[in-house]
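Visitor: Below is the file final10.cif, which contains mmCIF, C-alpha atoms.
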```cif
data_run
loop_
_atom_site.label_atom_id
_atom_site.label_comp_id
_atom_site.auth_asym_id
_atom_site.auth_seq_id
_atom_site.Cartn_x
_atom_site.Cartn_y
_atom_site.Cartn_z
CA MET A 4 0.00 0.00 0.00
CA LYS A 5 1.44 3.34 -1.02
CA GLY A 6 0.76 6.54 0.85
CA GLU A 7 2.04 10.10 0.61
CA VAL A 8 4.91 9.74 3.09
CA ALA A 9 5.36 5.97 3.36
CA ARG A 10 4.65 2.60 1.83
CA LEU A 11 3.43 -0.42 3.79
CA ILE A 12 4.33 -3.96 2.78
CA ALA A 13 2.89 -7.04 4.47
CA CYS A 14 3.50 -10.76 4.16
CA PRO A 15 2.46 -13.81 6.19
CA GLY A 16 4.43 -13.96 9.43
CA THR A 17 4.29 -13.51 13.18
CA GLY A 18 3.43 -9.84 13.73
CA LEU A 19 6.87 -8.27 13.34
CA VAL A 20 7.26 -4.66 12.17
CA GLY A 21 10.32 -3.34 10.32
CA ILE A 22 11.04 0.24 9.33
CA ALA A 23 13.22 1.11 6.34
CA VAL A 24 14.61 4.51 5.47
CA SER A 25 17.01 5.45 2.65
CA LYS A 26 20.31 7.23 3.16
CA LYS A 27 19.04 9.73 0.58
CA ILE A 28 16.92 11.26 3.34
CA GLY A 29 19.97 12.65 5.06
CA SER A 30 22.16 12.22 8.10
CA ARG A 31 21.90 9.36 10.58
CA PRO A 32 20.21 11.51 13.27
CA ARG A 33 17.57 12.63 10.75
CA ARG A 34 16.91 9.05 9.63
CA ASN A 35 16.75 7.83 13.24
CA LYS A 36 14.29 10.59 14.17
CA LEU A 37 12.01 9.55 11.31
CA LYS A 38 12.22 5.90 12.33
CA ARG A 39 11.32 6.81 15.94
CA ARG A 40 8.33 8.85 14.78
CA PHE A 41 7.04 6.05 12.55
CA ARG A 42 7.69 3.41 15.21
CA GLU A 43 5.61 5.42 17.69
CA ALA A 44 2.84 5.89 15.12
CA VAL A 45 2.73 2.13 14.45
CA LEU A 46 2.70 1.30 18.16
CA ASN A 47 -0.19 3.75 18.67
CA GLN A 48 -2.16 1.74 16.09
CA GLY A 49 -1.34 -1.61 17.72
CA LYS A 50 -4.99 -2.69 17.67
CA LEU A 51 -4.82 -2.76 13.86
CA LEU A 52 -1.74 -4.99 13.69
CA SER A 53 -2.44 -8.61 12.85
CA ARG A 54 -0.32 -11.31 14.50
CA GLU A 55 -0.58 -13.27 11.26
CA LEU A 56 1.34 -10.70 9.18
CA ASP A 57 4.79 -9.16 9.19
CA TYR A 58 4.98 -5.50 8.15
CA VAL A 59 7.63 -3.29 6.57
CA VAL A 60 7.19 0.49 6.56
CA VAL A 61 9.28 2.17 3.84
CA ILE A 62 9.64 5.88 4.57
CA HIS A 63 9.62 8.35 1.65
CA ASN A 64 11.58 11.61 1.41
CA GLU A 65 8.39 13.65 1.92
CA ALA A 66 8.21 12.41 5.53
CA VAL A 67 11.05 14.72 6.60
CA SER A 68 8.80 17.79 6.66
CA THR A 69 5.60 16.04 7.75
CA SER A 70 3.96 16.53 11.15
CA PHE A 71 3.58 13.62 13.55
CA GLU A 72 -0.21 13.89 13.35
CA LYS A 73 -0.08 13.42 9.57
CA ILE A 74 2.25 10.43 10.00
CA GLU A 75 -0.15 8.85 12.51
CA GLU A 76 -3.10 9.44 10.20
CA GLU A 77 -1.30 7.87 7.25
CA VAL A 78 -0.12 4.84 9.24
CA ASN A 79 -3.68 4.31 10.45
CA THR A 80 -5.03 4.53 6.90
CA LEU A 81 -2.37 2.20 5.47
CA LEU A 82 -2.92 -0.42 8.19
CA ALA A 83 -6.70 -0.31 7.71
CA ARG A 84 -6.34 -0.71 3.94
CA MET A 85 -3.88 -3.58 4.43
CA ILE A 86 -6.30 -5.38 6.77
CA GLU A 87 -9.08 -5.05 4.18
CA LYS A 88 -6.80 -6.37 1.45
CA TRP A 89 -5.64 -9.40 3.44
CA ALA A 90 -9.14 -10.14 4.72
CA GLY A 91 -10.39 -10.28 1.14
CA GLU A 92 -7.57 -12.60 0.10
CA SER A 93 -8.09 -14.99 3.02
CA GLU A 94 -11.81 -15.32 2.16
CA SER A 95 -10.96 -16.49 -1.35
CA PHE A 96 -9.18 -19.65 -0.12
#
```
If you convert what's in this file into structure tokens, what do you get?
Guide:
Amino acid sequence: MKGEVARLIACPGTGLVGIAVSKKIGSRPRRNKLKRRFREAVLNQGKLLSRELDYVVVIHNEAVSTSFEKIEEEVNTLLARMIEKWAGESESF
């Protein structure tokens, strides 16, 4: 699922969450700050995380100048869309 500031990838697994950020975004402190912000946003949406999926959040360059509220909103939207997608696929088996 692609959003404005991040992309969410899911595959069958055990509920793990990984966060990826490119070196193109900037210095290590800047990348770490973004990862902390996204990690917190994902943890705040813990009720939406499925224990049957592993997730990878790929952070885009646009996230550098984005507010935390916008990040939380996008993570919530991406997780909800991912749940709908996987629910539809599991019904087809």
Visitor: Give the padded box for segment 21-36 of chain A as lines of an AutoDock Vina configuration file: axis-aligned, covering all atoms listed in the file, 5 Å on each side, centre and edge lengths in Å to one decimal.
Guide:
```
center_x = 16.2
center_y = 4.7
center_z = 7.4
size_x = 21.8
size_y = 26.0
size_z = 23.6
```
Visitor: Give me the result of the PyMOL selection byres ((chain A and resi 22-37) around 12) on this file, residue by residue, as an MDAnalysis selection string.
Guide: chainID A and resid 8:13 19:21 38:45 57:71 74
Visitor: Could you list the residues chosen by the PyMOL selection byres ((chain A and resi 89) around 10) in this structure as a PyMOL selection string?
Guide: chain A and resi 13-15+53+56+84-88+90-94
Visitor: Written as a list of chain:residue names, what is the full residue list that the PyMOL selection byres ((chain A and resi 48) around 10) yields on the file shown?
Guide: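 Selected by the PyMOL selection byres ((chain A and resi 48) around 10) in this file: A:Glu43, A:Ala44, A:Val45, A:Leu46, A:Asn47, A:Gly49, A:Lys50, A:Leu51, A:Leu52, A:Glu75, A:Glu76, A:Val78, A:Asn79, A:Leu82, A:Ala83.
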Visitor: I want to know what sits within 9 Å of Arg54 of chain A, based on only C-alpha atoms, with residues of the same chain fewer than 4 positions away left out; could you give that as an MDAnalysis selection string?
Guide: chainID A and resid 16:19
